[in-house]
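The data block below is protein_32.txt; it holds compact mmCIF, N, CA and C atoms.
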# COMPACT_ATOMS: atom_id res chain seq x y z
N MET A 1 67.41 59.90 95.32
CA MET A 1 67.42 58.72 94.50
C MET A 1 66.36 57.75 95.01
N LYS A 2 65.66 57.11 94.09
CA LYS A 2 64.68 56.12 94.52
C LYS A 2 65.03 54.76 93.93
N GLN A 3 64.65 53.75 94.67
CA GLN A 3 64.95 52.38 94.29
C GLN A 3 63.67 51.56 94.37
N THR A 4 63.36 50.79 93.33
CA THR A 4 62.19 49.94 93.39
C THR A 4 62.53 48.65 94.13
N ILE A 5 61.54 48.14 94.83
CA ILE A 5 61.68 46.91 95.60
C ILE A 5 60.76 45.87 94.96
N ALA A 6 61.30 44.68 94.75
CA ALA A 6 60.50 43.58 94.20
C ALA A 6 60.94 42.28 94.85
N THR A 7 59.97 41.44 95.18
CA THR A 7 60.26 40.12 95.74
C THR A 7 59.27 39.11 95.19
N ASN A 8 59.74 37.91 94.93
CA ASN A 8 58.87 36.83 94.47
C ASN A 8 58.04 36.26 95.61
N ALA A 9 58.35 36.64 96.85
CA ALA A 9 57.61 36.14 98.01
C ALA A 9 56.26 36.84 98.20
N ALA A 10 56.01 37.87 97.39
CA ALA A 10 54.73 38.59 97.41
C ALA A 10 54.18 38.61 95.99
N PRO A 11 52.88 38.84 95.83
CA PRO A 11 52.31 38.89 94.49
C PRO A 11 52.98 39.95 93.62
N ALA A 12 53.17 39.61 92.37
CA ALA A 12 53.71 40.58 91.41
C ALA A 12 52.70 41.71 91.23
N ALA A 13 53.20 42.88 90.91
CA ALA A 13 52.33 44.02 90.64
C ALA A 13 51.40 43.67 89.47
N ILE A 14 50.13 44.05 89.59
CA ILE A 14 49.15 43.76 88.54
C ILE A 14 48.80 45.02 87.75
N GLY A 15 49.73 45.94 87.71
CA GLY A 15 49.53 47.19 86.98
C GLY A 15 50.85 47.94 86.90
N PRO A 16 50.80 49.17 86.45
CA PRO A 16 52.03 49.97 86.29
C PRO A 16 52.49 50.60 87.62
N TYR A 17 52.90 49.76 88.54
CA TYR A 17 53.41 50.22 89.83
C TYR A 17 54.41 49.20 90.36
N SER A 18 55.14 49.58 91.40
CA SER A 18 56.12 48.71 92.05
C SER A 18 55.54 48.17 93.35
N GLN A 19 56.03 47.02 93.80
CA GLN A 19 55.61 46.50 95.10
C GLN A 19 55.95 47.51 96.19
N ALA A 20 57.09 48.17 96.04
CA ALA A 20 57.50 49.21 96.98
C ALA A 20 58.56 50.07 96.31
N VAL A 21 58.72 51.27 96.86
CA VAL A 21 59.77 52.19 96.39
C VAL A 21 60.47 52.74 97.61
N ARG A 22 61.80 52.66 97.58
CA ARG A 22 62.60 53.23 98.66
C ARG A 22 63.13 54.58 98.22
N ALA A 23 62.92 55.59 99.05
CA ALA A 23 63.46 56.94 98.83
C ALA A 23 64.21 57.32 100.10
N GLY A 24 65.52 57.30 100.04
CA GLY A 24 66.31 57.52 101.25
C GLY A 24 66.09 56.39 102.22
N ASP A 25 65.74 56.73 103.45
CA ASP A 25 65.49 55.72 104.48
C ASP A 25 64.02 55.32 104.58
N THR A 26 63.19 55.84 103.70
CA THR A 26 61.76 55.57 103.75
C THR A 26 61.36 54.64 102.61
N VAL A 27 60.55 53.64 102.95
CA VAL A 27 60.05 52.69 101.95
C VAL A 27 58.53 52.82 101.93
N TYR A 28 57.99 53.06 100.75
CA TYR A 28 56.55 53.19 100.54
C TYR A 28 56.06 51.88 99.92
N LEU A 29 55.27 51.13 100.66
CA LEU A 29 54.77 49.85 100.19
C LEU A 29 53.41 50.05 99.53
N SER A 30 53.28 49.55 98.32
CA SER A 30 52.00 49.62 97.62
C SER A 30 50.96 48.78 98.34
N GLY A 31 49.70 49.11 98.10
CA GLY A 31 48.62 48.34 98.69
C GLY A 31 48.68 46.89 98.25
N GLN A 32 48.44 46.02 99.19
CA GLN A 32 48.37 44.59 98.91
C GLN A 32 46.94 44.12 99.10
N ILE A 33 46.48 43.32 98.16
CA ILE A 33 45.22 42.61 98.33
C ILE A 33 45.58 41.15 98.59
N PRO A 34 44.62 40.32 99.01
CA PRO A 34 44.95 38.97 99.45
C PRO A 34 45.16 37.97 98.31
N LEU A 35 46.14 38.25 97.47
CA LEU A 35 46.50 37.31 96.41
C LEU A 35 47.57 36.36 96.92
N ASP A 36 47.38 35.08 96.66
CA ASP A 36 48.43 34.10 96.95
C ASP A 36 49.54 34.34 95.94
N PRO A 37 50.78 34.58 96.38
CA PRO A 37 51.84 34.90 95.42
C PRO A 37 52.16 33.75 94.46
N ALA A 38 51.88 32.52 94.85
CA ALA A 38 52.18 31.37 93.98
C ALA A 38 51.16 31.23 92.86
N THR A 39 49.89 31.53 93.16
CA THR A 39 48.82 31.30 92.17
C THR A 39 48.24 32.60 91.61
N MET A 40 48.50 33.72 92.30
CA MET A 40 47.91 35.02 91.95
C MET A 40 46.38 34.98 92.01
N GLN A 41 45.85 34.08 92.84
CA GLN A 41 44.41 33.98 93.06
C GLN A 41 44.07 34.54 94.43
N LEU A 42 42.88 35.12 94.55
CA LEU A 42 42.39 35.66 95.81
C LEU A 42 42.11 34.52 96.78
N VAL A 43 42.57 34.63 98.03
CA VAL A 43 42.24 33.62 99.03
C VAL A 43 40.82 33.86 99.53
N GLU A 44 40.21 32.80 100.04
CA GLU A 44 38.81 32.86 100.49
C GLU A 44 38.72 33.12 101.99
N GLY A 45 37.64 33.77 102.41
CA GLY A 45 37.36 34.00 103.82
C GLY A 45 38.04 35.26 104.33
N PHE A 46 37.29 36.05 105.11
CA PHE A 46 37.81 37.34 105.54
C PHE A 46 39.09 37.22 106.36
N ASP A 47 39.11 36.36 107.38
CA ASP A 47 40.31 36.22 108.20
C ASP A 47 41.51 35.81 107.35
N ASN A 48 41.32 34.86 106.45
CA ASN A 48 42.40 34.43 105.56
C ASN A 48 42.87 35.57 104.67
N GLN A 49 41.93 36.40 104.23
CA GLN A 49 42.31 37.54 103.40
C GLN A 49 43.19 38.51 104.18
N VAL A 50 42.81 38.82 105.40
CA VAL A 50 43.59 39.77 106.21
C VAL A 50 44.98 39.20 106.47
N ARG A 51 45.06 37.93 106.84
CA ARG A 51 46.37 37.31 107.10
C ARG A 51 47.23 37.30 105.84
N ARG A 52 46.63 36.98 104.70
CA ARG A 52 47.39 36.94 103.45
C ARG A 52 47.93 38.32 103.11
N VAL A 53 47.13 39.37 103.32
CA VAL A 53 47.59 40.73 103.06
C VAL A 53 48.78 41.07 103.96
N PHE A 54 48.68 40.77 105.25
CA PHE A 54 49.80 41.06 106.15
C PHE A 54 51.03 40.22 105.77
N ASP A 55 50.83 38.97 105.40
CA ASP A 55 51.96 38.14 104.96
C ASP A 55 52.61 38.73 103.71
N ASN A 56 51.80 39.21 102.77
CA ASN A 56 52.34 39.82 101.56
C ASN A 56 53.13 41.09 101.90
N LEU A 57 52.56 41.92 102.77
CA LEU A 57 53.27 43.14 103.17
C LEU A 57 54.58 42.82 103.87
N LEU A 58 54.56 41.82 104.73
CA LEU A 58 55.79 41.44 105.44
C LEU A 58 56.85 40.96 104.45
N ALA A 59 56.44 40.23 103.43
CA ALA A 59 57.39 39.77 102.41
C ALA A 59 58.04 40.95 101.69
N VAL A 60 57.25 41.97 101.39
CA VAL A 60 57.80 43.16 100.73
C VAL A 60 58.72 43.92 101.68
N CYS A 61 58.31 44.03 102.95
CA CYS A 61 59.19 44.66 103.95
C CYS A 61 60.54 43.96 103.98
N ARG A 62 60.51 42.65 104.04
CA ARG A 62 61.76 41.88 104.09
C ARG A 62 62.56 42.05 102.81
N GLY A 63 61.87 42.13 101.68
CA GLY A 63 62.55 42.37 100.41
C GLY A 63 63.27 43.71 100.38
N ALA A 64 62.80 44.63 101.19
CA ALA A 64 63.42 45.96 101.28
C ALA A 64 64.45 46.03 102.40
N GLY A 65 64.61 44.93 103.15
CA GLY A 65 65.60 44.91 104.22
C GLY A 65 65.06 45.29 105.58
N GLY A 66 63.76 45.22 105.75
CA GLY A 66 63.15 45.58 107.03
C GLY A 66 62.13 44.56 107.48
N GLY A 67 61.26 44.99 108.37
CA GLY A 67 60.20 44.14 108.89
C GLY A 67 59.12 45.01 109.50
N PHE A 68 58.15 44.37 110.12
CA PHE A 68 57.04 45.13 110.69
C PHE A 68 57.46 46.05 111.83
N ASP A 69 58.57 45.75 112.51
CA ASP A 69 59.05 46.67 113.54
C ASP A 69 59.48 48.01 112.96
N ASP A 70 59.73 48.06 111.64
CA ASP A 70 60.16 49.28 110.97
C ASP A 70 59.00 50.06 110.35
N VAL A 71 57.80 49.50 110.36
CA VAL A 71 56.64 50.15 109.76
C VAL A 71 56.16 51.27 110.67
N VAL A 72 55.99 52.47 110.08
CA VAL A 72 55.56 53.63 110.85
C VAL A 72 54.12 54.05 110.57
N ARG A 73 53.56 53.57 109.46
CA ARG A 73 52.18 53.94 109.12
C ARG A 73 51.55 52.85 108.29
N VAL A 74 50.29 52.58 108.55
CA VAL A 74 49.51 51.58 107.82
C VAL A 74 48.17 52.22 107.44
N THR A 75 47.72 51.93 106.23
CA THR A 75 46.38 52.33 105.81
C THR A 75 45.62 51.07 105.44
N ILE A 76 44.45 50.90 106.03
CA ILE A 76 43.62 49.72 105.80
C ILE A 76 42.36 50.17 105.07
N TYR A 77 42.02 49.46 104.01
CA TYR A 77 40.80 49.73 103.24
C TYR A 77 39.89 48.52 103.39
N LEU A 78 38.66 48.76 103.87
CA LEU A 78 37.70 47.68 104.10
C LEU A 78 36.42 47.94 103.33
N THR A 79 35.87 46.88 102.72
CA THR A 79 34.58 47.03 102.06
C THR A 79 33.43 46.94 103.05
N ASP A 80 33.71 46.48 104.27
CA ASP A 80 32.69 46.40 105.32
C ASP A 80 33.34 46.78 106.65
N LEU A 81 33.03 47.97 107.15
CA LEU A 81 33.64 48.43 108.39
C LEU A 81 33.19 47.62 109.61
N ALA A 82 32.20 46.77 109.47
CA ALA A 82 31.82 45.87 110.56
C ALA A 82 32.95 44.87 110.85
N ASN A 83 33.87 44.70 109.90
CA ASN A 83 35.02 43.81 110.08
C ASN A 83 36.19 44.47 110.81
N PHE A 84 36.04 45.75 111.16
CA PHE A 84 37.12 46.50 111.81
C PHE A 84 37.65 45.82 113.08
N PRO A 85 36.78 45.32 113.99
CA PRO A 85 37.31 44.67 115.20
C PRO A 85 38.14 43.42 114.87
N ARG A 86 37.74 42.69 113.86
CA ARG A 86 38.48 41.47 113.49
C ARG A 86 39.86 41.84 112.93
N VAL A 87 39.93 42.91 112.14
CA VAL A 87 41.22 43.37 111.63
C VAL A 87 42.13 43.75 112.79
N ASN A 88 41.60 44.42 113.80
CA ASN A 88 42.39 44.78 114.97
C ASN A 88 43.00 43.55 115.63
N GLU A 89 42.19 42.51 115.80
CA GLU A 89 42.68 41.28 116.44
C GLU A 89 43.80 40.65 115.62
N ILE A 90 43.61 40.56 114.33
CA ILE A 90 44.62 39.93 113.47
C ILE A 90 45.87 40.80 113.40
N MET A 91 45.69 42.12 113.26
CA MET A 91 46.85 43.02 113.20
C MET A 91 47.70 42.91 114.46
N ALA A 92 47.06 42.74 115.60
CA ALA A 92 47.78 42.63 116.87
C ALA A 92 48.68 41.40 116.91
N SER A 93 48.41 40.40 116.08
CA SER A 93 49.27 39.22 116.04
C SER A 93 50.49 39.43 115.14
N TYR A 94 50.50 40.50 114.35
CA TYR A 94 51.61 40.80 113.44
C TYR A 94 52.51 41.93 113.94
N PHE A 95 51.94 42.87 114.70
CA PHE A 95 52.67 44.04 115.15
C PHE A 95 52.77 44.03 116.66
N ARG A 96 53.79 44.71 117.17
CA ARG A 96 53.93 44.86 118.61
C ARG A 96 54.17 46.33 118.94
N ASP A 97 54.00 46.63 120.20
CA ASP A 97 54.17 47.99 120.69
C ASP A 97 55.63 48.41 120.54
N PRO A 98 55.95 49.59 120.06
CA PRO A 98 55.03 50.66 119.68
C PRO A 98 54.43 50.40 118.30
N PHE A 99 53.12 50.46 118.23
CA PHE A 99 52.39 50.18 117.00
C PHE A 99 52.54 51.33 116.01
N PRO A 100 52.41 51.04 114.71
CA PRO A 100 52.48 52.12 113.72
C PRO A 100 51.23 53.00 113.79
N ALA A 101 51.35 54.20 113.27
CA ALA A 101 50.16 55.04 113.06
C ALA A 101 49.28 54.32 112.05
N ARG A 102 47.97 54.59 112.09
CA ARG A 102 47.07 53.84 111.21
C ARG A 102 45.86 54.66 110.83
N VAL A 103 45.40 54.39 109.62
CA VAL A 103 44.15 54.94 109.12
C VAL A 103 43.34 53.76 108.59
N THR A 104 42.03 53.77 108.85
CA THR A 104 41.15 52.75 108.27
C THR A 104 40.06 53.48 107.49
N VAL A 105 39.86 53.03 106.26
CA VAL A 105 38.93 53.69 105.35
C VAL A 105 37.91 52.68 104.83
N GLY A 106 36.64 53.02 104.89
CA GLY A 106 35.60 52.20 104.28
C GLY A 106 35.48 52.55 102.81
N VAL A 107 35.46 51.53 101.96
CA VAL A 107 35.40 51.74 100.52
C VAL A 107 34.28 50.90 99.92
N ALA A 108 33.80 51.31 98.76
CA ALA A 108 32.71 50.59 98.10
C ALA A 108 33.17 49.27 97.51
N SER A 109 34.37 49.24 96.97
CA SER A 109 34.88 47.99 96.38
C SER A 109 36.39 48.07 96.28
N LEU A 110 37.00 46.90 96.06
CA LEU A 110 38.45 46.78 95.93
C LEU A 110 38.76 45.88 94.73
N PRO A 111 39.99 45.93 94.22
CA PRO A 111 40.34 45.11 93.06
C PRO A 111 40.05 43.62 93.29
N ARG A 112 39.59 42.98 92.25
CA ARG A 112 39.33 41.54 92.20
C ARG A 112 38.34 41.05 93.24
N GLY A 113 37.53 41.95 93.78
CA GLY A 113 36.52 41.55 94.77
C GLY A 113 37.07 41.32 96.16
N SER A 114 38.27 41.79 96.42
CA SER A 114 38.86 41.66 97.74
C SER A 114 38.03 42.40 98.77
N GLN A 115 38.06 41.91 100.02
CA GLN A 115 37.38 42.58 101.12
C GLN A 115 38.29 43.53 101.87
N VAL A 116 39.62 43.44 101.61
CA VAL A 116 40.59 44.24 102.34
C VAL A 116 41.80 44.53 101.46
N GLU A 117 42.35 45.72 101.64
CA GLU A 117 43.63 46.10 101.04
C GLU A 117 44.37 46.91 102.09
N ILE A 118 45.68 46.72 102.15
CA ILE A 118 46.48 47.44 103.13
C ILE A 118 47.78 47.92 102.48
N ASP A 119 48.15 49.18 102.76
CA ASP A 119 49.45 49.67 102.35
C ASP A 119 50.21 50.12 103.59
N ALA A 120 51.47 50.45 103.42
CA ALA A 120 52.28 50.80 104.59
C ALA A 120 53.46 51.71 104.19
N VAL A 121 54.00 52.36 105.19
CA VAL A 121 55.24 53.14 105.05
C VAL A 121 56.21 52.62 106.09
N MET A 122 57.43 52.37 105.67
CA MET A 122 58.45 51.83 106.55
C MET A 122 59.66 52.77 106.58
N HIS A 123 60.27 52.91 107.75
CA HIS A 123 61.46 53.75 107.89
C HIS A 123 62.63 52.87 108.30
N LEU A 124 63.71 52.93 107.54
CA LEU A 124 64.88 52.07 107.78
C LEU A 124 66.08 52.85 108.29
N GLY A 125 65.87 53.96 108.97
CA GLY A 125 66.97 54.80 109.42
C GLY A 125 67.49 54.45 110.78

Could you spell out this file's structure in structure tokens?
Amino acid sequence: MKQTIATNAAPAAIGPYSQAVRAGDTVYLSGQIPLDPATMQLVEGFDNQVRRVFDNLLAVCRGAGGGFDDVVRVTIYLTDLANFPRVNEIMASYFRDPFPARVTVGVASLPRGSQVEIDAVMHLG
């Protein structure tokens, strides 16, 4: 059985998808771009974008009954891999050891001109 997760504390889905889907003890969080959930506008500045994405993901985690301590995998999409060290620094302020598994992918572009998108998998068992 699967259950969709939705919270007003994160941006509403901008297409035919859910913010997250829970299947058993696993929650699959859709990619978040740095939209302010109140205005649905992209925030400015790379650091602000990364923080907004992590804040959005955390809101969805909480909406599913978990938090970043429950995240087992993260995928980061960057339009400029030169920003990779900065993402590491910011991510370290949101996660603690043991850190989730992670993949970082360089991409040509992201929705709405975002510089970063991040998705995650969370286990609530």

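Put simply, atom CA of A:Pro37 is 9.4 Å away from atom CA of A:Arg52.
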
Please provide the set of residues having any atom within 8 Å of stretch 59-68 of chain A, restricted to all atoms listed in the file, with same-chain residues fewer than 4 positions apart removed, written as a ChimeraX atom specification.
-> /A:4-11,19-20,22,27,29,53-55,72,94-96,100,122-124

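Straight-line separation from atom CA of A:Leu42 to atom N of A:Phe84: 19.4 Å.
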
Would you list the contacts of A:Leu110 as a list in words, taking every protein, DNA or RNA residue within 8 Å and counting all atoms listed in the file, but skipping same-chain residues closer than 3 positions in sequence?
->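 That gives Tyr77, Leu78, Thr79, Val107, Gly113, Ser114, Gln115, Val116 and Glu117 of chain A.
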
Within chain A, find each residue whose DSSP state, derived from the backbone, is helix (DSSP H, G or I), and express the selection as number ranges by chain.
-> A: 46-63, 68-70, 81-92, 111-113

In Å, how far is it from atom C of A:Asp80 to atom CA of A:Ala108?
->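 That distance, rounded to one decimal, is 9.4 Å.
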
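The residue set within 8 Å of A:Ala120, counting all atoms listed in the file and dropping same-chain residues fewer than 3 places from it, reads Val27, Tyr28, Leu29, Ser30, Gly31, Gln32, Leu57, Val71, Val72, Arg73, Val74, Thr75, Ile76 and His123 of chain A.
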
Identify, on the basis of only C-alpha atoms, every residue whose closest approach to A:Phe46 does not exceed 10 Å; exclude the query and any residue fewer than 2 positions from it along the same chain; express the result as a PyMOL selection string.
-> chain A and resi 34+43-44+48-52+83+86-87+114-116

Can I get the selected residues back with N, CA and C atoms, as a PDB file, keeping the file's coordinate frame?
ATOM      1  N   PRO A  34      44.620  40.320  99.010  1.00  0.00           N
ATOM      2  CA  PRO A  34      44.950  38.970  99.450  1.00  0.00           C
ATOM      3  C   PRO A  34      45.160  37.970  98.310  1.00  0.00           C
ATOM      4  N   VAL A  43      42.570  34.630  98.030  1.00  0.00           N
ATOM      5  CA  VAL A  43      42.240  33.620  99.030  1.00  0.00           C
ATOM      6  C   VAL A  43      40.820  33.860  99.530  1.00  0.00           C
ATOM      7  N   GLU A  44      40.210  32.800 100.040  1.00  0.00           N
ATOM      8  CA  GLU A  44      38.810  32.860 100.490  1.00  0.00           C
ATOM      9  C   GLU A  44      38.720  33.120 101.990  1.00  0.00           C
ATOM     10  N   ASN A  48      41.320  34.860 106.450  1.00  0.00           N
ATOM     11  CA  ASN A  48      42.400  34.430 105.560  1.00  0.00           C
ATOM     12  C   ASN A  48      42.870  35.570 104.670  1.00  0.00           C
ATOM     13  N   GLN A  49      41.930  36.400 104.230  1.00  0.00           N
ATOM     14  CA  GLN A  49      42.310  37.540 103.400  1.00  0.00           C
ATOM     15  C   GLN A  49      43.190  38.510 104.180  1.00  0.00           C
ATOM     16  N   VAL A  50      42.810  38.820 105.400  1.00  0.00           N
ATOM     17  CA  VAL A  50      43.590  39.770 106.210  1.00  0.00           C
ATOM     18  C   VAL A  50      44.980  39.200 106.470  1.00  0.00           C
ATOM     19  N   ARG A  51      45.060  37.930 106.840  1.00  0.00           N
ATOM     20  CA  ARG A  51      46.370  37.310 107.100  1.00  0.00           C
ATOM     21  C   ARG A  51      47.230  37.300 105.840  1.00  0.00           C
ATOM     22  N   ARG A  52      46.630  36.980 104.700  1.00  0.00           N
ATOM     23  CA  ARG A  52      47.390  36.940 103.450  1.00  0.00           C
ATOM     24  C   ARG A  52      47.930  38.320 103.110  1.00  0.00           C
ATOM     25  N   ASN A  83      33.870  44.700 109.900  1.00  0.00           N
ATOM     26  CA  ASN A  83      35.020  43.810 110.080  1.00  0.00           C
ATOM     27  C   ASN A  83      36.190  44.470 110.810  1.00  0.00           C
ATOM     28  N   ARG A  86      37.740  42.690 113.860  1.00  0.00           N
ATOM     29  CA  ARG A  86      38.480  41.470 113.490  1.00  0.00           C
ATOM     30  C   ARG A  86      39.860  41.840 112.930  1.00  0.00           C
ATOM     31  N   VAL A  87      39.930  42.910 112.140  1.00  0.00           N
ATOM     32  CA  VAL A  87      41.220  43.370 111.630  1.00  0.00           C
ATOM     33  C   VAL A  87      42.130  43.750 112.790  1.00  0.00           C
ATOM     34  N   SER A 114      38.270  41.790  96.420  1.00  0.00           N
ATOM     35  CA  SER A 114      38.860  41.660  97.740  1.00  0.00           C
ATOM     36  C   SER A 114      38.030  42.400  98.770  1.00  0.00           C
ATOM     37  N   GLN A 115      38.060  41.910 100.020  1.00  0.00           N
ATOM     38  CA  GLN A 115      37.380  42.580 101.120  1.00  0.00           C
ATOM     39  C   GLN A 115      38.290  43.530 101.870  1.00  0.00           C
ATOM     40  N   VAL A 116      39.620  43.440 101.610  1.00  0.00           N
ATOM     41  CA  VAL A 116      40.590  44.240 102.340  1.00  0.00           C
ATOM     42  C   VAL A 116      41.800  44.530 101.460  1.00  0.00           C
TER      43      VAL A 116
END

Pick from A:Pro111, A:Ile90, A:Asp36, A:Gly125, whichever lies nearest to A:Gly15 using only C-alpha atoms | A:Pro111

Nearest candidate to A:Asp69 (options A:Ile33, A:Ile118, A:Asp97, A:Thr39; using all atoms listed in the file) =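 Among A:Ile33, A:Ile118, A:Asp97, A:Thr39, it is A:Asp97 that comes nearest to A:Asp69.
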
Kindly add N, CA, C and O atoms to the incomplete stretch 40-56 of chain A and provide the output as a short mmCIF file (atom, residue, chain, number, x, y, z; two decimals), in the frame of the given file.
data_model
loop_
_atom_site.label_atom_id
_atom_site.label_comp_id
_atom_site.auth_asym_id
_atom_site.auth_seq_id
_atom_site.Cartn_x
_atom_site.Cartn_y
_atom_site.Cartn_z
N MET A 40 48.50 33.72 92.30
CA MET A 40 47.91 35.02 91.95
C MET A 40 46.38 34.98 92.01
O MET A 40 45.71 35.75 91.36
N GLN A 41 45.85 34.08 92.84
CA GLN A 41 44.41 33.98 93.06
C GLN A 41 44.07 34.54 94.43
O GLN A 41 44.86 34.44 95.38
N LEU A 42 42.88 35.12 94.55
CA LEU A 42 42.39 35.66 95.81
C LEU A 42 42.11 34.52 96.78
O LEU A 42 41.49 33.52 96.40
N VAL A 43 42.57 34.63 98.03
CA VAL A 43 42.24 33.62 99.03
C VAL A 43 40.82 33.86 99.53
O VAL A 43 40.30 34.97 99.46
N GLU A 44 40.21 32.80 100.04
CA GLU A 44 38.81 32.86 100.49
C GLU A 44 38.72 33.12 101.99
O GLU A 44 39.59 32.71 102.75
N GLY A 45 37.64 33.77 102.41
CA GLY A 45 37.36 34.00 103.82
C GLY A 45 38.04 35.26 104.33
O GLY A 45 39.20 35.52 104.04
N PHE A 46 37.29 36.05 105.11
CA PHE A 46 37.81 37.34 105.54
C PHE A 46 39.09 37.22 106.36
O PHE A 46 40.07 37.90 106.09
N ASP A 47 39.11 36.36 107.38
CA ASP A 47 40.31 36.22 108.20
C ASP A 47 41.51 35.81 107.35
O ASP A 47 42.62 36.34 107.53
N ASN A 48 41.32 34.86 106.45
CA ASN A 48 42.40 34.43 105.56
C ASN A 48 42.87 35.57 104.67
O ASN A 48 44.07 35.68 104.38
N GLN A 49 41.93 36.40 104.23
CA GLN A 49 42.31 37.54 103.40
C GLN A 49 43.19 38.51 104.18
O GLN A 49 44.22 38.97 103.68
N VAL A 50 42.81 38.82 105.40
CA VAL A 50 43.59 39.77 106.21
C VAL A 50 44.98 39.20 106.47
O VAL A 50 45.99 39.90 106.30
N ARG A 51 45.06 37.93 106.84
CA ARG A 51 46.37 37.31 107.10
C ARG A 51 47.23 37.30 105.84
O ARG A 51 48.43 37.58 105.90
N ARG A 52 46.63 36.98 104.70
CA ARG A 52 47.39 36.94 103.45
C ARG A 52 47.93 38.32 103.11
O ARG A 52 49.07 38.46 102.66
N VAL A 53 47.13 39.37 103.32
CA VAL A 53 47.59 40.73 103.06
C VAL A 53 48.78 41.07 103.96
O VAL A 53 49.80 41.58 103.49
N PHE A 54 48.68 40.77 105.25
CA PHE A 54 49.80 41.06 106.15
C PHE A 54 51.03 40.22 105.77
O PHE A 54 52.15 40.71 105.82
N ASP A 55 50.83 38.97 105.40
CA ASP A 55 51.96 38.14 104.96
C ASP A 55 52.61 38.73 103.71
O ASP A 55 53.85 38.75 103.60
N ASN A 56 51.80 39.21 102.77
CA ASN A 56 52.34 39.82 101.56
C ASN A 56 53.13 41.09 101.90
O ASN A 56 54.22 41.31 101.37
#
